[in-house]
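**Q** Dropping in work_22.txt, with compact mmCIF, C-alpha atoms.
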# COMPACT_ATOMS: atom_id res chain seq x y z
CA MET H 242 -2.04 32.94 -7.60
CA THR H 243 -0.14 31.08 -4.89
CA ILE H 244 3.04 29.05 -5.30
CA THR H 245 1.13 25.96 -4.11
CA ALA H 246 -1.55 26.43 -6.78
CA LEU H 247 1.05 27.02 -9.50
CA LEU H 248 3.10 23.91 -8.69
CA THR H 249 -0.02 21.80 -8.12
CA GLY H 250 -1.25 22.72 -11.60
CA ILE H 251 2.12 21.95 -13.19
CA LEU H 252 2.27 18.61 -11.37
CA ILE H 253 -1.21 17.66 -12.59
CA TYR H 254 -0.21 18.60 -16.13
CA ALA H 255 2.99 16.54 -15.83
CA ILE H 256 1.04 13.49 -14.63
CA HIS H 257 -1.41 13.82 -17.51
CA GLN H 258 1.26 14.29 -20.16
CA THR H 259 3.36 11.34 -19.01
CA ARG H 260 0.75 8.90 -17.72
CA VAL H 261 -2.97 9.64 -17.69
CA GLN H 262 -3.37 10.59 -21.35
CA TYR H 263 -2.54 6.97 -22.19
CA ASP H 264 -5.19 5.68 -19.78
CA ARG H 265 -8.72 5.29 -21.09
CA LYS H 266 -10.29 5.78 -17.65
CA ASN H 267 -12.00 9.16 -17.45
CA GLN H 268 -10.96 10.03 -13.93
CA PRO H 269 -9.68 13.28 -12.42
CA ILE H 270 -6.09 13.73 -11.34
CA VAL H 271 -6.32 14.45 -7.61
CA VAL H 272 -3.62 16.12 -5.54
CA ALA H 273 -4.04 15.89 -1.77
CA VAL H 274 -2.80 19.11 -0.14
CA PRO H 275 -2.29 19.31 3.64
CA VAL H 276 -3.55 22.59 5.12
CA ASN H 277 -2.20 24.27 8.25
CA LEU H 278 -5.31 24.82 10.39
CA ARG H 279 -3.49 27.25 12.68
CA LYS H 280 -3.97 30.01 10.09
CA ALA H 281 -7.75 29.70 10.33
CA PHE H 282 -8.02 28.52 13.93
CA PRO H 283 -5.17 29.93 16.08
CA SER H 284 -3.76 27.27 18.38
CA LYS H 285 -0.70 26.89 20.60
CA THR H 286 -0.71 23.09 20.54
CA LEU H 287 2.58 21.39 19.64
CA ARG H 288 0.70 18.49 18.06
CA ASN H 289 -0.02 18.25 14.36
CA PHE H 290 -2.96 20.52 13.60
CA PHE H 291 -3.80 20.21 9.93
CA GLY H 292 -6.44 19.06 7.50
CA VAL H 293 -6.21 17.73 3.96
CA VAL H 294 -8.08 19.06 0.92
CA ASN H 295 -8.25 17.31 -2.43
CA ILE H 296 -7.65 19.33 -5.59
CA GLY H 297 -9.02 17.33 -8.52
CA VAL H 298 -9.02 18.28 -12.20
CA PHE H 299 -10.38 16.42 -15.24
CA VAL H 300 -7.80 16.91 -17.98
CA GLU H 301 -8.65 16.46 -21.64
CA LYS H 302 -6.42 16.66 -24.71
CA GLU H 303 -7.46 20.27 -25.33
CA THR H 304 -7.03 21.35 -21.69
CA THR H 305 -4.29 23.95 -21.32
CA ILE H 306 -1.89 24.16 -18.41
CA SER H 307 -3.05 27.73 -17.80
CA SER H 308 -6.64 26.58 -17.24
CA ILE H 309 -5.44 23.78 -14.94
CA ILE H 310 -3.49 26.24 -12.78
CA LYS H 311 -6.44 28.65 -12.59
CA ARG H 312 -8.72 25.77 -11.57
CA CYS H 313 -6.28 24.68 -8.87
CA ASN H 314 -6.04 28.21 -7.53
CA SER H 315 -9.81 28.71 -7.29
CA MET H 316 -10.26 25.31 -5.59
CA LEU H 317 -7.50 26.05 -3.07
CA VAL H 318 -9.00 29.46 -2.26
CA HIS H 319 -12.40 27.86 -1.63
CA LYS H 320 -11.29 24.71 0.18
CA THR H 321 -8.85 26.51 2.50
CA SER H 322 -11.39 29.14 3.54
CA LYS H 323 -12.34 29.17 7.21
CA GLU H 324 -15.96 28.35 6.41
CA HIS H 325 -15.10 25.25 4.39
CA LEU H 326 -12.58 24.00 6.97
CA GLN H 327 -15.10 24.61 9.75
CA ASN H 328 -17.63 22.42 7.95
CA LEU H 329 -15.06 19.63 7.59
CA ILE H 330 -14.24 19.73 11.31
CA TYR H 331 -17.93 19.82 12.23
CA ASN H 332 -18.69 16.73 10.14
CA TYR H 333 -15.83 14.76 11.71
CA VAL H 334 -16.75 15.77 15.26
CA SER H 335 -20.45 15.06 14.74
CA LEU H 336 -19.63 11.46 13.83
CA GLU H 337 -17.48 11.09 16.93
CA ARG H 338 -20.20 12.44 19.23
CA LYS H 339 -23.00 10.21 18.02
CA LYS H 340 -24.39 8.37 21.05
CA SER H 341 -24.46 5.10 19.12
CA ALA H 342 -20.68 5.32 18.74
CA TYR H 343 -20.22 5.06 22.51
CA PHE H 344 -21.29 1.40 22.44
CA VAL H 345 -18.96 0.34 19.61
CA PRO H 346 -15.76 -1.43 20.81
CA LEU H 347 -12.52 0.41 20.12
CA PHE H 348 -11.10 -2.34 17.89
CA LEU H 349 -14.16 -2.08 15.63
CA LYS H 350 -13.85 1.70 15.46
CA SER H 351 -10.21 1.38 14.47
CA TYR H 352 -11.06 -1.24 11.85
CA PHE H 353 -13.77 0.84 10.16
CA MET H 354 -11.72 4.04 10.41
CA ASN H 355 -8.89 2.31 8.58
CA ILE H 356 -11.30 1.16 5.85
CA GLY H 357 -12.69 4.69 5.59
CA PHE H 358 -9.18 6.13 5.30
CA GLN H 359 -8.32 3.75 2.47
CA LYS H 360 -11.61 4.19 0.57
CA LEU H 361 -12.13 7.94 1.09
CA GLY H 362 -8.53 9.04 1.47
CA GLU H 363 -5.77 6.94 -0.07
CA ASN H 364 -7.80 5.59 -2.97
CA LYS H 365 -9.21 8.99 -3.92
CA LYS H 366 -5.89 10.75 -4.50
CA THR H 367 -3.29 10.47 -7.23
CA ILE H 368 -0.46 12.15 -5.34
CA SER H 369 0.15 14.36 -2.29
CA MET H 370 1.88 17.74 -2.30
CA SER H 371 2.75 19.45 0.97
CA ASN H 372 4.10 23.00 1.09
CA LEU H 373 5.73 23.72 4.44
CA GLY H 374 6.17 27.32 3.34
CA ARG H 375 8.97 29.70 4.25
CA VAL H 376 11.05 28.64 7.24
CA ASN H 377 12.72 31.48 9.14
CA PHE H 378 15.75 30.92 11.33
CA PRO H 379 17.39 33.28 13.85
CA PRO H 380 19.88 35.69 12.16
CA GLU H 381 22.85 33.94 13.77
CA MET H 382 21.79 30.65 12.08
CA ALA H 383 20.38 31.89 8.78
CA ASP H 384 23.74 32.49 7.08
CA GLU H 385 24.81 28.92 7.83
CA ILE H 386 21.77 27.25 6.23
CA GLU H 387 21.79 26.85 2.47
CA ALA H 388 18.62 24.81 2.00
CA LEU H 389 16.10 22.72 3.89
CA GLU H 390 14.41 19.50 2.80
CA THR H 391 11.11 18.05 3.93
CA ILE H 392 10.02 14.58 2.85
CA MET H 393 6.56 13.07 2.53
CA TYR H 394 6.88 9.31 2.46
CA PRO H 395 5.25 7.31 -0.37
CA THR H 396 2.63 4.63 0.19
CA LYS H 397 1.31 1.64 -1.73
CA ASN H 398 -1.56 3.65 -3.24
CA SER H 399 0.48 6.84 -3.57
CA PRO H 400 3.93 5.71 -4.72
CA LEU H 401 5.12 9.23 -5.51
CA ASN H 402 4.69 12.21 -3.18
CA CYS H 403 5.99 15.77 -3.23
CA SER H 404 6.91 18.27 -0.53
CA LEU H 405 8.19 21.85 -0.63
CA CYS H 406 9.87 24.28 1.71
CA THR H 407 11.73 27.55 1.35
CA VAL H 408 14.71 29.04 3.15
CA GLY H 409 15.85 32.50 2.09
CA ASP H 410 15.51 32.69 -1.70
CA ARG H 411 15.80 28.95 -2.32
CA MET H 412 12.85 26.57 -2.55
CA THR H 413 13.52 22.85 -2.26
CA ILE H 414 11.09 20.51 -4.01
CA THR H 415 11.49 16.93 -2.83
CA PHE H 416 9.95 13.86 -4.44
CA ALA H 417 9.93 10.60 -2.50
CA ARG H 418 9.04 7.46 -4.44
CA ASN H 419 8.89 3.70 -4.18
CA ILE H 420 8.72 3.20 -7.95
CA VAL H 421 11.59 3.29 -10.44
CA ASP H 422 9.92 5.43 -13.14
CA VAL H 423 10.96 9.09 -13.13
CA ASP H 424 9.10 10.39 -16.20
CA ILE H 425 6.77 12.59 -14.12
CA LEU H 426 9.73 14.15 -12.31
CA GLN H 427 11.61 14.76 -15.55
CA PHE H 428 8.63 16.50 -17.16
CA PHE H 429 7.93 18.55 -14.03
CA PHE H 430 11.46 19.91 -13.59
CA THR H 431 11.96 20.40 -17.33
CA TYR H 432 8.85 22.59 -17.39
CA LEU H 433 10.12 24.67 -14.46
CA SER H 434 13.47 25.12 -16.18
CA LYS H 435 12.48 25.69 -19.82
CA GLU H 436 8.98 27.16 -19.68
CA LEU H 437 9.25 29.22 -16.48
CA GLU H 438 12.98 29.83 -16.97
CA LEU H 439 13.78 29.09 -13.34
CA ASP H 440 17.25 28.26 -12.09
CA VAL H 441 16.79 24.56 -11.30
CA GLU H 442 19.38 22.34 -9.65
CA ILE H 443 18.57 18.63 -9.42
CA TYR H 444 20.23 16.13 -7.10
CA SER H 445 19.29 12.62 -6.06
CA ASN H 446 20.41 9.63 -4.06
CA ASP H 447 20.19 7.71 -7.37
CA TRP H 448 17.77 5.16 -5.96
CA GLY H 449 16.33 3.03 -8.74
CA VAL H 450 18.99 3.98 -11.27
CA LEU H 451 20.15 0.87 -13.13
CA ASP H 452 23.87 0.22 -13.23
CA ASP H 453 25.58 -0.14 -16.59
Translate the structure described by the file into structure tokens.

**A**
Amino acid sequence: MTITALLTGILIYAIHQTRVQYDRKNQPIVVAVPVNLRKAFPSKTLRNFFGVVNIGVFVEKETTISSIIKRCNSMLVHKTSKEHLQNLIYNYVSLERKKSAYFVPLFLKSYFMNIGFQKLGENKKTISMSNLGRVNFPPEMADEIEALETIMYPTKNSPLNCSLCTVGDRMTITFARNIVDVDILQFFFTYLSKELELDVEIYSNDWGVLDD
């Protein structure tokens, strides 16, 4: 069980308990998880080199959080395997190398790629969760750094996103949102604190908090 799988499962459970269980649409809760492709395909490029896999779970009233986490873990193991990632890259490259694509003007390519991104990407996910992992600093800097934040900006179709990173023995979980509601966040951190008995410290810029 990985930390990413554990927190992805808890996040899906939090979304269901606070939102989806009141929605009659029978749709999966989908978490988009960026994957560092350098682990499978070593590269020295300084550019972004990552892919995105969708972890989707249908949650019913009788579904337990344990089963959700196990499902997330098995999907992450499969979808982050070198074979699966290789197939994703091959499919993208094969589209690019089609001879018919050479004759399509660039502005049309950009237009249809944007539509594809919205239909097959943004509209398919419920939320994104990115785990930057453990960040190591030189010894002369490490003692001066208490924590590190990484932020994944929200979008119109994904108004709440989550990102994680760890320095030393402290993990920082950051939610960025463009909506006022915080019920998902409250459930998520309450579960970490009460059910997993973790030492949780919460701080915020108080955006969206109504004044008395």

**Q** For a quick check of understanding, using all atoms listed in the file, which of H:Leu329, H:Leu252, H:Val318, H:Val300 has the smallest distance to H:Leu426?

**A**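 Counting all atoms listed in the file, the residue closest to H:Leu426 is H:Leu252.
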
**Q** Please provide the set of residues having any atom within 6 Å of H:Phe291, restricted to only C-alpha atoms, with same-chain residues fewer than 4 positions apart removed, written as a list in words.

**A**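 Residues near the query, excluding close chain neighbours: Val276, Asn277 and Leu278 of chain H.
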
**Q** Could you check how far atom CA of H:Thr396 sits from atom CA of H:Thr367, in Å to one decimal?

**A** 11.1 Å

**Q** Which is closest to H:Ile256 among H:Ile368, H:Asn419, H:Glu381, H:Met316, if we use only C-alpha atoms?

**A** H:Ile368

**Q** At a cut-off of 7 Å, using all atoms listed in the file, what residues contact stretch 403-405 of chain H? Leave out same-chain residues fewer than 3 positions from it and give the result as a PyMOL selection string.

**A** chain H and resi 369-373+391-393+412-417

**Q** Using all atoms listed in the file, pick whichever of H:Ala383, H:Val293, H:Ala246, H:Val272 has the shortest atom-to-atom distance to H:Ser315.

**A**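 Closest to H:Ser315 of all the choices is H:Ala246.
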
**Q** As an exercise, work out the distance from atom CA of H:Ala255 to atom CA of H:Gln268 in Å and give it to one decimal place.

**A**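 Going from atom CA of H:Ala255 over to atom CA of H:Gln268, I get 15.5 Å.
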
**Q** Closest to H:Lys323 among H:Val298, H:Leu433, H:Leu287, H:Ala281, using only C-alpha atoms?

**A**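 Using only C-alpha atoms, the shortest distance to H:Lys323 belongs to H:Ala281.
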
**Q** Write out as a PyMOL selection string which residues come within 12 Å of H:Ile420 when counting all atoms listed in the file, dropping same-chain ones fewer than 4 positions away.

**A** chain H and resi 395-402+416+424-426+448-450
